Each structure stands twice: as C-alpha cells, then as structure tokens.
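> Okay, handing you the structure first.
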Amino acid sequence: MPTERPQAPFNRRDCRVAESHAAGGYRIFTLIDEEGPEPAPGQFYMLTTSGAAPGFAGRPFLPRAISVARVTGSRGSLRLEFLIDEVGPGTVQMAKLGSGDSCGLAGPFGSPFSMPKELNPDAVGAVLVGGGIGIAPMAVLRRHLVSRGVPTRTLLGFRDQAHSGGVDELFGCEETRLAYEDGSSGHRGYVTDLLLQILTGDDTGGAVIYTCGPPAMLEAVRVLAAGHGVPVELALESPMACGFGACFGCVVPKTGGGYLRLCVDGPVVRGDEITTAMAGEAAVGVEKDVRTRSE
Amino acid sequence: MPTERPQAPFNRRDCRVAESHAAGGYRIFTLIDEEGPEPAPGQFYMLTTSGAAPGFAGRPFLPRAISVARVTGSRGSLRLEFLIDEVGPGTVQMAKLGSGDSCGLAGPFGSPFSMPKELNPDAVGAVLVGGGIGIAPMAVLRRHLVSRGVPTRTLLGFRDQAHSGGVDELFGCEETRLAYEDGSSGHRGYVTDLLLQILTGDDTGGAVIYTCGPPAMLEAVRVLAAGHGVPVELALESPMACGFGACFGCVVPKTGGGYLRLCVDGPVVRGDEITTAMAGEAAVGVEKDVRTRSE
Amino acid sequence: MNLATDLCGIPLASPVLNGSGTFDAIAARRAFGDAVIEEFPFAAYVSKTITRHPRAGNPPHRLWETPSGMINSIGLPNPGLDDFLTGILLEFTRLPVPLIVSVMADSAEEFAELVEAVSAVSGVAGIELNVSCPNVHSGLIVGEQPVETEALMKALRPLTDLPMIIKLTPNVANPHEVAAAAEAGGADAISLINTLKSMAIDPANGRAWLGAGAGGLSGPAVRPVALAQVRAVSQAVEIPVVGMGGIDDAESALDFILAGARVVAVGTENFRDPRAGINVKNGLEGALGRRGFASLADAQASTLS
Amino acid sequence: MNLATDLCGIPLASPVLNGSGTFDAIAARRAFGDAVIEEFPFAAYVSKTITRHPRAGNPPHRLWETPSGMINSIGLPNPGLDDFLTGILLEFTRLPVPLIVSVMADSAEEFAELVEAVSAVSGVAGIELNVSCPNVHSGLIVGEQPVETEALMKALRPLTDLPMIIKLTPNVANPHEVAAAAEAGGADAISLINTLKSMAIDPANGRAWLGAGAGGLSGPAVRPVALAQVRAVSQAVEIPVVGMGGIDDAESALDFILAGARVVAVGTENFRDPRAGINVKNGLEGALGRRGFASLADAQASTLS
Ligand SMILES: Cc1cc2nc3c(=O)[nH]c(=O)nc-3n(C[C@H](O)[C@H](O)[C@H](O)COP(=O)(O)OP(=O)(O)OC[C@H]3O[C@@H](n4cnc5c(N)ncnc54)[C@H](O)[C@@H]3O)c2cc1C
Ligand SMILES: Cc1cc2nc3c(=O)[nH]c(=O)nc-3n(C[C@H](O)[C@H](O)[C@H](O)COP(=O)(O)OP(=O)(O)OC[C@H]3O[C@@H](n4cnc5c(N)ncnc54)[C@H](O)[C@@H]3O)c2cc1C
Ligand SMILES: Cc1cc2nc3c(=O)[nH]c(=O)nc-3n(C[C@H](O)[C@H](O)[C@H](O)COP(=O)(O)O)c2cc1C
Ligand SMILES: Cc1cc2nc3c(=O)[nH]c(=O)nc-3n(C[C@H](O)[C@H](O)[C@H](O)COP(=O)(O)O)c2cc1C
Ligand code: FES
Ligand code: FES
C-alpha cells in the first residue's frame, strides 16, 4: 500500500529539452514540464521521441518508461532530470535530443516509495541500494528522505566505469559508498557485499531498505533483507507499452499467484509482494506453445 | 533508343551533404559522390534518409527517386545538386539534412535524354519545357546542350511562387521564358501557351522538344508535339521502390500494349513510346477487385 | 461538424471506439484521475474480454516491439464472470458512454452463460463476442470456421436482445466467409481485425521471447492487412462493420470508413498517447473535408471504386 | 567462417537467397554492369515467377509504401514459358550461382507443362512452385487448401527429378497443415512467406490506390508474422524450410534460422539496398557469434525452446 501518488495530467505533452550531457557511461538530460505535478520518489514517466532510430527499422514505436533522477523547480516549470543508458533505439533517440528539441512526456506514473515508518513503525533510518542505471530513483529518494531528516545510507554498485555515471551530480558530496565489480574504484565486488556488512554489522532493527537496479542485484537484496527480517521496497522494471494500466503487458508474478502490473501496482513493490525480482528471466524456463489464441 | 547510359556503382553509398538551402518554394541540397560516374542528363538517383519522419509512422521506408539538377566537379568528388519539393515523409527527411549529415545514394539510374540529332537528323535546336519540380532535369540538359553548341530555348512553368524555385540558380541569367498560372510573374497561364507560340510561330522543322513536369503538362506537350510532327522526349515519374528494375513497380503503359519500367526503360521516353503521360491517374478508372492473388 | 452516428442501435457521439483490451478505464482513472471520465476518449467503451472463470494471463514476457507495431501475448487476464458482475462491470456502467462487454469462451455453453449474465445487467448496451478461441468440443478455432461461427451465433441469438458484435480473427484465408456466416447466424455487427499471429526471438539467447511462445501483432504495421479485410467483409455483409487495426490518426480512421467500416476502434495507439481516441475524433472533420466529404454520413455511404 | 550449406541437394555458398520477384538479375546488370555478376549477392538465384502464357501485369499503381513495409500489386508480368525458355532463362543459367525457377499456373495441367519444360533445361537446379493462385477447375486457391496442394504435388512429382520447393501463401489459418500436405505430396522444401493480402486508399480521392484494387504486404512490418509461420511449418515438416518475410539484416536472418528455417531469402530489402544479400551474408558470422553459435550448422540444428 504505497503512499498517496500524484496523478498525471490526462495527456502526452511535448516538453522542451533544457539540457543534455554525457555523465560517465550514461547521459543526463533535462525536460521542462510546464503542466505536471511534482512526482513522488519512485514514479516514472513515459517518454516519446519522434522518428525511428537509424538501423532500427520502425523502432522505437512505443514510448519508453524512464525514472526521474532529480526534480527541481515547481509545478508550472518543473525541471525533470533523467539518467539514460543507451541500450537500444528508444534510448538512442533520447540521447540524440539536444537543448531546444522537444520530447513527448506522459506521467508521472506508478507507485512511489513508502516512508520508512510506513514499512516499519520503529524505523530510524534508511539504506538505499542502487545498481547501474537503477541509481536514478535512489537519487530522488535520498534527497526526499534527507530533506525530511531521515538518516540515510547510500550504497551504489556498478559493473565498470563504462556502465556507471551521474554519481557525483545526482548524489553530490553526500557520503555514498561505491562498489565496482571490476574494482576500478570503491569496493571491488558487488554492492550487496556492502549491504551485507551493514546488515551483519550494526543493529538493523530500525533499518529499512530501498533498492533499484539490475534483476540479479534486486533479487540478492530481496533475499538478504528477508533473511535479516528487514523491510525492503524494490523499484522493478519490465518492458512497458503504455505506463497507465491499459495493456496488461508489464507484469511480474506476485506472491500467492497472479501478476502485478508494474506500471500501476508498481514499479515500487514490497519485498513480500513478489516471489522473485528476476521475473523477466522467467520467460526462458516456461514451456512455449507457438499457436496461442490471439487476444 | 537512348544514348549510352553511365552505369551505377553496385551499391548504396553514404554521401556527405555539402550544403542545403531554400530556393523559393523548393530546396536545393548538394551531395558529394566520391564514387559514382558523372550522370547523363535525365538520369536520377535513389536517395535514402535514415529514420522515419515525425508524424509518419514508419515512413519513409523506401528510397526516393530524385533527378539530379546540376552536376559539378568530376568523378571522385562529384557535386550533385538536387531540387526538392517537400510533399511527404521522404522529401521532408531530405529537407532536414544539413551540411555534414550523410544521405544514402544509389545510382545514377535510368535512360538519359538523346541528343537532338538522334531524334531528328535535321535537328538544329532544342526547346526545353519544364514545369514545377520538373525543371531539375531541364537544367542539367540545358547546360549539356548549350556546352555542345546546340541552340536551346527554355520555357518554365509554375503554378505560383510557392510552387517554384531554383530558376535563377539552376538556369542562371540564360534567357528562359517563364509562365505562372497565377500571373505573379512572366506569362500569366500555362507554359504550354509559350510552347504553342513557338510551334505555330517560327519554322519548327529543325526543332526537338524535351520536357519534364506534372503529368497534365507532359501530356499537353506530348499532344502538341505530335500535332506539329515535332519529336519529343519526356522525363516521366512514377512511384518507385528500387530504381534498378527489381520490383516491376514503376510502370507506365507503352504504345502497342504492355508496360515500360520507368527506372530502366525510362524515365526518359520518346513521345511515341507511350499513349499517355497521365498513366498514374489511370488507376482511378480501372475496375478494382480487392481479392487479387498475391505475387 | 456533427460526428454523431450509431452502431446497430447504440447511439454514438462519434464513430471512434476503443479496441477491446487496449484501454482500462479503471486503471486510467487511477493514473489520470477524473479527467479521464470528464473527457472520456471514446464514443462507446469496449471492455477487455472476460471469460466464465478467472484467468491470470500469460507469464512474462508479454510484449515485444516490432517495426511500426508490437506483439502482445497477454492471455486474457480477467476476474471471471462472477467477480466481473459484482465488481468492475458496475464501475463500467457508470462511464459516460455506452458500454459494450467483450466475452470469450471455449464452448457454446459457456458463451451462453456469459451472454445471459451480461444481458441481465442494466447499463450494458451491447456484447462483443471474441471468437479467436478453440471450441473445446471440436478443437477448432470458432472464428476460423464459418460453420462453427454460424452455429455459435444461432445458439446465442435467442438469449439476448442486446446487439451482438462478433470480433473476427484476421488469421484466415477468407474473413468475409466467416463474416457472412456470422450474419446468417444473427450477428448485429462485425468487428475486425484482431491481432495477427506472430512471434519474436530473444536477442540475448535465441529462445522465444514471449512467455507463451507467441502472440499477436498490432499497430500501423498491420493496417494494410486490416483495411483489405474490412473491405472484403463489408462487401460481403449488410450489417455494420467496426474497423480497426493500426489506426493512429484521423486520416487512417477515415481510410477504414472509406473501406466500408461504419465506425472505427483505436487500439495500440492508446498506449502511445492516452488521448489517441480524442485526437482521432478531433481530426475527423479536417480529414473528411480534405477528402471532399460534407459529413460523416457521406463518407460512410461512399462505396470504394 | 564457413557459411556453406545446401537446400535439398542444391549446394549453397551461404544460406542467403533472394525472394522470387525481388531481384531482376538482367535489369540489375543493365544498371550496375558486370559487378553484379562478379559479386552476385545471393547463394542461389530464384527467378521471378513465370507462367505458361505471357502476362503484362497489373495496371498502375503497383506500389504503396506502408509503415515499415510496402504493398505490391505487380501481377506477375512475364514473357510466358516459350519466350522465357529461349530468352532470359539462358541468361539466368549463365549466372555464377544455382538457378531456381519459380512457376505459377491456374491448373495442374499448366503446372505440369511448366515443370517438364523447365526441367529439360540444363543449368536449372530447382523449381519453386508459387501456389498462391486459384485452380481454374475448383476455383480454390491451391495454396490455401491442403487437399489441393497435396494433389498438385502428387501430380507434379513424377515429372521431374529436380528439387521442388513449394512457396506458401501466409493468408491462411494454418500454414503448417498446407506444408504437411505438400510434404506428403512429395515436395522437397517449403518456402514462406509470400505477401499478406492488403490494400491502400488514395489520399487524394479516397479510392483504391492500387490499379488492381489490392496487393500484398512485405517488409519488416510482416516479419513477426513470417517468423511465427516459419516456426509452425518447420515444426510440422521434415523437409527444409526457406524462411523469408522482412529480413533486412543478419540478425533478422538468424531469427528465421532459429525459428526453424534452413536457409533464408531477402526480398523487399533488395529495393532499399542492392547489396542487401551481401550485407546479410557478411553479417551472419558476427550475428552467430553474438548468439553463441560456433557455426551456421549449430544454429540450423538448434531447436527453439
Ligand atoms: C519503471 C521503469 C523505469 C525505468 N527507468 C529507466 C531510467 O531511468 N533510465 C534508463 O535508461 N532506462 C530506464 N528503464 C529501462 C528502459 O525503459 C528500457 O531499457 C527501454 O526499453 C530502453 O529502450 P531501448 O529502445 O533503448 O532498448 P530496447 O530495444 O527496448 O532494449 C532494452 C531491452 O529490451 C529488450 N528488447 C530488445 N528488443 C526488444 C523489442 N523489440 N521489444 C521489446 N523488448 C526488446 C531486451 O531485453 C533489451 O535488453 C526503466 C524501465 C522501467 C519499466
Ligand atoms: C525519376 C524520378 C525523378 C524525380 N525527381 C524528383 C526531384 O528532382 N525532386 C523531387 O522533389 N521529387 C522528384 N521525384 C518525385 C519523388 O520521388 C516523389 O515525390 C517521392 O515520392 C516523394 O516522396 P515523399 O515521401 O516526400 O512523398 P510521398 O508520401 O511519396 O507523396 C508523394 C506522392 O506519392 C503518393 N503517395 C502518398 N502516400 C504514398 C504511399 N504511402 N505510398 C506510395 N505513394 C504514396 C501520392 O500521390 C503523393 O502525392 C522524382 C520521381 C521520379 C520517379
Ligand atoms: C495489448 C493488447 C491487448 C488486447 N486485448 C484484447 C482483448 O482482450 N480482446 C480482444 O477482442 N482484442 C484484444 N486486443 C486486440 C485489439 O482490440 C485490436 O483488435 C487489435 O490490437 C488491432 O487494433 P490496433 O492495431 O489498433 O491495436 C488486444 C490488443 C492489444 C495490443
Ligand atoms: C515487388 C514484389 C514482387 C514479388 N514477386 C513475387 C513473385 O513473382 N513470385 C513470388 O513467389 N513471390 C513474389 N514476391 C514475394 C517475395 O518473394 C517474398 O515472398 C515476400 O516479399 C516476403 O519477403 P520480404 O518481406 O523480404 O519482401 C514479391 C514481392 C515483392 C515485394
Ligand atoms: S505498461 Fe501497459 S499495463 Fe503496464
Ligand atoms: S522502381 Fe523497381 S522496377 Fe522500377
């Protein structure tokens, strides 16, 4: 049961690109939203670029779900910063946008993170665990918690320098602990090593965990948290077509059977709402029958 | 039986856009072809832009046939100037290209114009009749004939200023006679009025007519020329998919039955090779059966 | 311009409906608030297909983006008839537009249960029969077989006074034969096209991407196929046709009307723009004018030469 | 990497063929000169379909561009069997790759004439039967009917020792049933897909754009449909499958092989790039590597889970 969620204007609106620049292996670009409400931490937008990407016949066709990484300004002239990892035609087209260009925006959508006390009445602090591009929602959440006086520790993990970026800009000088799998900086290894130290180290009675990142990392965090009886909220991903509950495409299996639509029931879910954070990979196991009915 | 036609390199090559600027209601843009031979007057290229045009889902998908309007430089660094009329997604994407961008190019393709003496042994001069965007091949041909000392008269017709452009640039100060249907400059009316004056006026025994423009104008020219027994070559248009004879899509009915593939048997045809220059419109009359075999 | 029309007796403020399963009015209200209700984007609301018993739907992945389209393999998740009747159906009946309930079953008996139950609820304006499904008795896909289709319609016709729209699958050689059979069986309208059987390969591991192995293609990529089927069907039947398949603007919507559809439905484009239905409706006046039609009725009456 | 393979006995330097009617080797030579022959873009050349008697083809318009694809309504223009035998066929036999001649007829008798005459010419490696056509006797589209298809194959099988590839239409509910019937009748290979029935409306006057009223859709837009049909067919037959439909690069070609095709054909993409066949072939090694295959044979052997 996530906290009150801001509602989106009923439209897809053209927003002006204020700025775009490379940030490590990623890119940060900023849209000016003159209409929408301030999004809550964990919410995302559906971004639409015009035209297809060179080399990708007729793609992107659908909008792309992107978490907001930082929000400044106020309603009427919100500055929305997005952290982009160029992995395919959608993000390639976004990365091409420069100051003055326009980009289609719908949202904010989805469920926000809960406040620590909503997850654990005795909560005294929060541990944020971000991985790769998944650090974006952690950045918004950290600012949100810190501004409300919640003691917050931030752990960020990356594969290597090429797959990291935006840390200094989005987390500033704040004390964050980094892990690089290739050891190029910070702890050599997984960010979950750092989490384990915390969980085993000090008293975790008053801790609450928030996390976003690649499925394998999320699953490790989910299992660690469960093992230590610490409440956790995860921001999940799945391929989305609409972002507002229309297509039923963005599902992950939910505890007790059935599925959650990540765009409306998520993307933020409690650890106990799901049985695995690696649902995407699930497809592989399943027995396939090529002649299914059409909808 | 058109003159020897230069052959195209066996490829679609990326060419650098040297320059692009508006010219009246049209646009002139210049590609540097570092590989192809110098095209003969009347030949065309297939141009491929990357990505779809905003507002046109998944289009352009096919390359677009474009006549060359002026050729400078020499093989290895040919400067090909194209005159573009923005009428749909393909030409919209071309018009977006700026200096330094790259554009896919295949060609030169198709049959060139014949020399006057090939059409009439007693030919002493040529009359060029261009309409709208169809002035492009007339510009190349005029330069070709003049440089070979062929007395050449040029008549150009346009609907209005919004549907004209490139005259000064492509035809220079050379004496050309203009007709605007809206009378905004030159003769008020059709360019064929000017042609009729010539055909009825002086002796036309030694004249040969070359023409390119909208179907209705071409048809009027074809009929006038036939009526006065003056040989005529027309550069026709039809929607094309490939430009090199692969798809059999670009046909116009030919005299005596059957069809000509405009990309290989044309685009330049003799007046007596076709029964009408308005084949495109033909489709409308024909009885349609929606359940045809697939190829 | 007055765009009002009707579909077998159901009055419509415009000829623009939604495709079943492409707009969840309740989820949309959660995301956008009451604005969705105040500016409801469609002239009638077609519910996502419901079945006799609850269905969880297919395992992920359920979506794949294709050139100018998408494949879906959703698997008809729905609460089942009983919960539908006591739950979301009541919310749907409060929408400001006529409600058409889409139903699917694996047997004539289950179809009958669904039709009778839904007909008993006041506020339901029509029923859409989704027949892209196998008959458990014959094993045949009903919508692929004129004989099965006519038999089903004949069995259901006596059970309701509501208009019955039959939604055809495009995965057949001759959709017009199935449409004619549906008409003979008592259908009040035909809607098409549903999605085209498709599949996708996971670029990472070369396996089938979709959890169910395959799915259905929709979006502008399929529009030329949909137009041809809408034309073939509308030439073969007297009853009105609901045309859909890749409609993404007023021009493409008008193409379907000129091909013989009385009204149109917007599906996949809703995902790209939640106001797609409104945009299509608002663009129709201009599109009609550009094609030289004085009114929607003129376009609906025009027969393609 | 060695990409050599074969198609029912026809040795191929790579698994990349052309789709019938999408590359005119003679016209290409006029446009590009001998370079086309020296770097011939396909491992085997499939001729445009020929018929017993000459055909002029359909009136214009014959082309319509669609989102990520195109509709063609060419109408099988060809010189007819007699002129074909004494004319372009001889030029085709001089190409540096095996020649597969595509034929279509409206009756088993005409098919027989075509098959026997073409088989008698040395330098022909195989025959492709284009069965997307009505049988003048039954009025049925042969390729839509398993029974008609099997009967035709049985009638033709004794007439030639050349491999016979049957080209299926995708405009059916169950292509795998037609494929199985063709195999039972003695077909050596199945090629699919042909184009999807489609139409387009003239934006200027609201009439049918294509001279013949309708045509067939091809290009990346249809790829998801082609992949599903190639998979369904290859699961239903033992004989090799030639997969095509929207292939525009090595990755999409490999998708077809993983779906069950032994070799692939490039069609519409040839129009966009005359070297499309070469590009697909050259990209295969990298694509195989990215998907973790040591060789083409491994990919051909892999069965999709
Ligand atoms: C709630 C949410 C928040 C997100 N936030 C961010 C963010 O802040 N920054 C960010 O960079 N990304 C974010 N993402 C991920 C982003 O939306 C996806 O990566 C998006 O698909 C990228 O699109 P693309 O076209 O660039 O890459 P795609 O081509 O979509 O490739 C991305 C992945 O999608 C799959 N894929 C490949 N081809 C297809 C296809 N044809 N159809 C469907 N799937 C395919 C593959 O697994 C591939 O690895 C978020 C996703 C969600 C759901
Ligand atoms: C030999 C030759 C030389 C040419 N030279 C020039 C030149 O020098 N400059 C120039 O500007 N143009 C030239 N053209 C014309 C140009 O190739 C076409 O206008 C081209 O189609 C424009 O593409 P577009 O996408 O901009 O417009 P399109 O969308 O292709 O619209 C152009 C026309 O095509 C038809 N059309 C509309 N939609 C479609 C569709 N989906 N599929 C098929 N047809 C459609 C309509 O009749 C429309 O008026 C030439 C054509 C040929 C054959
Ligand atoms: C995600 C998705 C879900 C769908 N669910 C249903 C459904 O439940 N019942 C149904 O009859 N059609 C369903 N359809 C088919 C659409 O209603 C429509 O017939 C088809 O998508 C073609 O239209 P379009 O191209 O505009 O989307 C669904 C389509 C999509 C894309
Ligand atoms: C312009 C055109 C002409 C075609 N002519 C034929 C033909 O003569 N015989 C045939 O069997 N298929 C013909 N086809 C179908 C192609 O061979 C191929 O099956 C189909 O286009 C799908 O492949 P693609 O999407 O790669 O083009 C033709 C296709 C096009 C686009
Ligand atoms: S993305 Fe469409 S329902 Fe979630
Ligand atoms: S454009 Fe393809 S044959 Fe002429």
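FYI, nothing fancy with the structure tokens labels: chains A, B, ... in order, residues from 1 per chain, ligands from 1 as they appear.
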What residues in chain A lie within 10 Å of chain B, counting only C-alpha atoms, written as a list of chain:residue names?
A:Thr49, A:Ser50, A:Gly51, A:Ala52, A:Ala53, A:Pro54, A:Gly55, A:Phe56, A:Ala57, A:Gly58, A:Arg59, A:Pro60, A:Phe61
> Give me the residues near Met244 of chain C as a PDB file with N, CA, C and O atoms, in the first residue's frame, where near means some atom within 7 Å (using only C-alpha atoms) and where sequence neighbours in that chain fewer than 5 positions away do not count.

```pdb
ATOM      1  N   LEU C 192     -13.414  -6.077 -36.718  1.00  0.00           N
ATOM      2  CA  LEU C 192     -12.128  -6.658 -37.113  1.00  0.00           C
ATOM      3  C   LEU C 192     -11.144  -5.536 -37.399  1.00  0.00           C
ATOM      4  O   LEU C 192     -11.589  -4.421 -37.661  1.00  0.00           O
ATOM      5  N   ILE C 193      -9.831  -5.787 -37.272  1.00  0.00           N
ATOM      6  CA  ILE C 193      -9.250  -7.108 -37.092  1.00  0.00           C
ATOM      7  C   ILE C 193      -8.724  -7.268 -35.655  1.00  0.00           C
ATOM      8  O   ILE C 193      -8.411  -6.277 -35.008  1.00  0.00           O
ATOM      9  N   ALA C 226      -5.526  -5.005 -42.359  1.00  0.00           N
ATOM     10  CA  ALA C 226      -6.829  -4.717 -41.757  1.00  0.00           C
ATOM     11  C   ALA C 226      -7.744  -4.033 -42.766  1.00  0.00           C
ATOM     12  O   ALA C 226      -8.919  -4.394 -42.902  1.00  0.00           O
ATOM     13  N   VAL C 264     -15.040   3.039 -36.204  1.00  0.00           N
ATOM     14  CA  VAL C 264     -13.684   2.514 -36.068  1.00  0.00           C
ATOM     15  C   VAL C 264     -13.325   2.361 -34.594  1.00  0.00           C
ATOM     16  O   VAL C 264     -13.994   2.912 -33.716  1.00  0.00           O
ATOM     17  N   ALA C 265     -12.263   1.607 -34.341  1.00  0.00           N
ATOM     18  CA  ALA C 265     -11.765   1.459 -32.976  1.00  0.00           C
ATOM     19  C   ALA C 265     -10.261   1.723 -32.963  1.00  0.00           C
ATOM     20  O   ALA C 265      -9.544   1.330 -33.889  1.00  0.00           O
ATOM     21  N   VAL C 266      -9.817   2.380 -31.910  1.00  0.00           N
ATOM     22  CA  VAL C 266      -8.403   2.679 -31.719  1.00  0.00           C
ATOM     23  C   VAL C 266      -7.864   1.728 -30.649  1.00  0.00           C
ATOM     24  O   VAL C 266      -8.465   1.587 -29.581  1.00  0.00           O
TER      25      VAL C 266
END
```
> Identify all chain C residues at most 8 Å from chain B by counting only C-alpha atoms; ligands do not count. Present them as a PyMOL selection string.
chain C and resi 67-68+220+228+231-232+305
> Next, write the just-selected residues to a file, as a compact mmCIF listing (two decimals), in the first residue's frame, keeping N, CA, C and O atoms as the atom set.

```txt
# COMPACT_ATOMS: atom_id res chain seq x y z
N PRO C 67 8.81 -3.48 -35.90
CA PRO C 67 8.82 -2.32 -36.78
C PRO C 67 7.40 -1.78 -36.99
O PRO C 67 6.55 -2.49 -37.51
N SER C 68 7.13 -0.57 -36.49
CA SER C 68 5.84 0.09 -36.60
C SER C 68 4.69 -0.71 -35.99
O SER C 68 3.55 -0.60 -36.43
N PRO C 220 0.31 0.17 -36.60
CA PRO C 220 0.32 0.59 -38.01
C PRO C 220 0.87 -0.46 -38.97
O PRO C 220 0.46 -0.52 -40.13
N ALA C 228 -7.74 -4.25 -46.00
CA ALA C 228 -8.19 -5.21 -47.02
C ALA C 228 -9.28 -6.12 -46.46
O ALA C 228 -10.26 -6.41 -47.14
N ARG C 231 -12.52 -4.21 -45.98
CA ARG C 231 -13.21 -4.01 -47.26
C ARG C 231 -13.88 -5.30 -47.72
O ARG C 231 -15.05 -5.31 -48.09
N ALA C 232 -13.16 -6.41 -47.67
CA ALA C 232 -13.72 -7.69 -48.13
C ALA C 232 -14.96 -8.04 -47.32
O ALA C 232 -15.98 -8.46 -47.88
N SER C 305 -14.57 2.72 -55.31
CA SER C 305 -14.50 2.15 -56.67
C SER C 305 -13.15 1.49 -56.86
O SER C 305 -12.21 1.83 -56.16
```
> Compile the contact shell of Arg157 of chain C as a PDB file with all heavy atoms, in the first residue's frame: residues with an atom at most 10 Å away, counting only C-alpha atoms, same-chain residues fewer than 4 positions apart removed.

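Done, and the output landed in selection-v2.pdb:
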```pdb
ATOM      1  N   ALA C 112     -23.000 -18.966 -23.714  1.00  0.00           N
ATOM      2  CA  ALA C 112     -24.398 -18.711 -23.361  1.00  0.00           C
ATOM      3  C   ALA C 112     -24.505 -18.138 -21.949  1.00  0.00           C
ATOM      4  O   ALA C 112     -25.193 -17.146 -21.707  1.00  0.00           O
ATOM      5  CB  ALA C 112     -25.211 -19.999 -23.469  1.00  0.00           C
ATOM      6  N   VAL C 115     -23.301 -14.510 -22.046  1.00  0.00           N
ATOM      7  CA  VAL C 115     -24.238 -13.613 -22.729  1.00  0.00           C
ATOM      8  C   VAL C 115     -25.474 -13.364 -21.862  1.00  0.00           C
ATOM      9  O   VAL C 115     -25.898 -12.216 -21.695  1.00  0.00           O
ATOM     10  CB  VAL C 115     -24.628 -14.199 -24.103  1.00  0.00           C
ATOM     11  CG1 VAL C 115     -25.835 -13.466 -24.684  1.00  0.00           C
ATOM     12  CG2 VAL C 115     -23.439 -14.127 -25.062  1.00  0.00           C
ATOM     13  N   LEU C 152     -22.591 -21.025 -33.520  1.00  0.00           N
ATOM     14  CA  LEU C 152     -22.490 -20.296 -32.247  1.00  0.00           C
ATOM     15  C   LEU C 152     -23.476 -19.137 -32.221  1.00  0.00           C
ATOM     16  O   LEU C 152     -24.228 -18.951 -31.258  1.00  0.00           O
ATOM     17  CB  LEU C 152     -21.059 -19.794 -32.036  1.00  0.00           C
ATOM     18  CG  LEU C 152     -20.851 -18.957 -30.763  1.00  0.00           C
ATOM     19  CD1 LEU C 152     -21.055 -19.813 -29.517  1.00  0.00           C
ATOM     20  CD2 LEU C 152     -19.460 -18.318 -30.744  1.00  0.00           C
ATOM     21  N   MET C 153     -23.513 -18.371 -33.312  1.00  0.00           N
ATOM     22  CA  MET C 153     -24.418 -17.218 -33.347  1.00  0.00           C
ATOM     23  C   MET C 153     -25.874 -17.684 -33.193  1.00  0.00           C
ATOM     24  O   MET C 153     -26.639 -17.080 -32.447  1.00  0.00           O
ATOM     25  CB  MET C 153     -24.257 -16.449 -34.661  1.00  0.00           C
ATOM     26  CG  MET C 153     -22.985 -15.623 -34.800  1.00  0.00           C
ATOM     27  SD  MET C 153     -22.625 -14.568 -33.380  1.00  0.00           S
ATOM     28  CE  MET C 153     -24.163 -13.710 -33.181  1.00  0.00           C
ATOM     29  N   ASP C 161     -31.440  -9.662 -26.160  1.00  0.00           N
ATOM     30  CA  ASP C 161     -31.967  -8.648 -27.072  1.00  0.00           C
ATOM     31  C   ASP C 161     -30.906  -7.611 -27.386  1.00  0.00           C
ATOM     32  O   ASP C 161     -31.125  -6.720 -28.207  1.00  0.00           O
ATOM     33  CB  ASP C 161     -33.188  -7.955 -26.430  1.00  0.00           C
ATOM     34  CG  ASP C 161     -34.305  -8.948 -26.142  1.00  0.00           C
ATOM     35  OD1 ASP C 161     -34.405  -9.935 -26.888  1.00  0.00           O
ATOM     36  OD2 ASP C 161     -35.038  -8.741 -25.146  1.00  0.00           O
ATOM     37  N   LEU C 162     -29.789  -7.704 -26.709  1.00  0.00           N
ATOM     38  CA  LEU C 162     -28.721  -6.729 -26.956  1.00  0.00           C
ATOM     39  C   LEU C 162     -28.072  -6.995 -28.308  1.00  0.00           C
ATOM     40  O   LEU C 162     -28.006  -8.144 -28.758  1.00  0.00           O
ATOM     41  CB  LEU C 162     -27.653  -6.823 -25.859  1.00  0.00           C
ATOM     42  CG  LEU C 162     -28.052  -6.362 -24.462  1.00  0.00           C
ATOM     43  CD1 LEU C 162     -26.875  -6.563 -23.503  1.00  0.00           C
ATOM     44  CD2 LEU C 162     -28.477  -4.905 -24.475  1.00  0.00           C
ATOM     45  N   PRO C 163     -27.577  -5.933 -28.948  1.00  0.00           N
ATOM     46  CA  PRO C 163     -26.819  -6.152 -30.187  1.00  0.00           C
ATOM     47  C   PRO C 163     -25.584  -7.018 -29.893  1.00  0.00           C
ATOM     48  O   PRO C 163     -24.916  -6.820 -28.879  1.00  0.00           O
ATOM     49  CB  PRO C 163     -26.404  -4.750 -30.618  1.00  0.00           C
ATOM     50  CG  PRO C 163     -27.037  -3.791 -29.701  1.00  0.00           C
ATOM     51  CD  PRO C 163     -27.696  -4.519 -28.586  1.00  0.00           C
ATOM     52  N   MET C 164     -25.340  -7.992 -30.742  1.00  0.00           N
ATOM     53  CA  MET C 164     -24.148  -8.825 -30.614  1.00  0.00           C
ATOM     54  C   MET C 164     -23.185  -8.516 -31.756  1.00  0.00           C
ATOM     55  O   MET C 164     -23.539  -8.656 -32.940  1.00  0.00           O
ATOM     56  CB  MET C 164     -24.524 -10.308 -30.602  1.00  0.00           C
ATOM     57  CG  MET C 164     -25.100 -10.773 -29.279  1.00  0.00           C
ATOM     58  SD  MET C 164     -25.169 -12.577 -29.161  1.00  0.00           S
ATOM     59  CE  MET C 164     -26.490 -12.911 -30.315  1.00  0.00           C
ATOM     60  N   GLY C 185     -26.096 -16.199 -38.966  1.00  0.00           N
ATOM     61  CA  GLY C 185     -26.412 -16.726 -37.642  1.00  0.00           C
ATOM     62  C   GLY C 185     -27.077 -15.711 -36.739  1.00  0.00           C
ATOM     63  O   GLY C 185     -27.506 -16.031 -35.629  1.00  0.00           O
ATOM     64  N   GLY C 186     -27.132 -14.444 -37.188  1.00  0.00           N
ATOM     65  CA  GLY C 186     -27.859 -13.449 -36.405  1.00  0.00           C
ATOM     66  C   GLY C 186     -27.005 -12.375 -35.761  1.00  0.00           C
ATOM     67  O   GLY C 186     -27.483 -11.633 -34.898  1.00  0.00           O
ATOM     68  N   ALA C 187     -25.736 -12.264 -36.168  1.00  0.00           N
ATOM     69  CA  ALA C 187     -24.884 -11.207 -35.615  1.00  0.00           C
ATOM     70  C   ALA C 187     -25.416  -9.843 -36.052  1.00  0.00           C
ATOM     71  O   ALA C 187     -25.957  -9.708 -37.140  1.00  0.00           O
ATOM     72  CB  ALA C 187     -23.439 -11.389 -36.072  1.00  0.00           C
ATOM     73  N   ASP C 188     -25.265  -8.844 -35.171  1.00  0.00           N
ATOM     74  CA  ASP C 188     -25.739  -7.489 -35.483  1.00  0.00           C
ATOM     75  C   ASP C 188     -24.638  -6.621 -36.070  1.00  0.00           C
ATOM     76  O   ASP C 188     -24.907  -5.585 -36.676  1.00  0.00           O
ATOM     77  CB  ASP C 188     -26.270  -6.831 -34.211  1.00  0.00           C
ATOM     78  CG  ASP C 188     -27.416  -7.617 -33.616  1.00  0.00           C
ATOM     79  OD1 ASP C 188     -28.505  -7.609 -34.215  1.00  0.00           O
ATOM     80  OD2 ASP C 188     -27.189  -8.280 -32.577  1.00  0.00           O
TER      81      ASP C 188
END
```
> Report as an MDAnalysis selection string which protein, DNA and RNA residues come within 6 Å of ligand 5, using only C-alpha atoms and all ligand atoms.
chainID A and resid 240:250 261:263
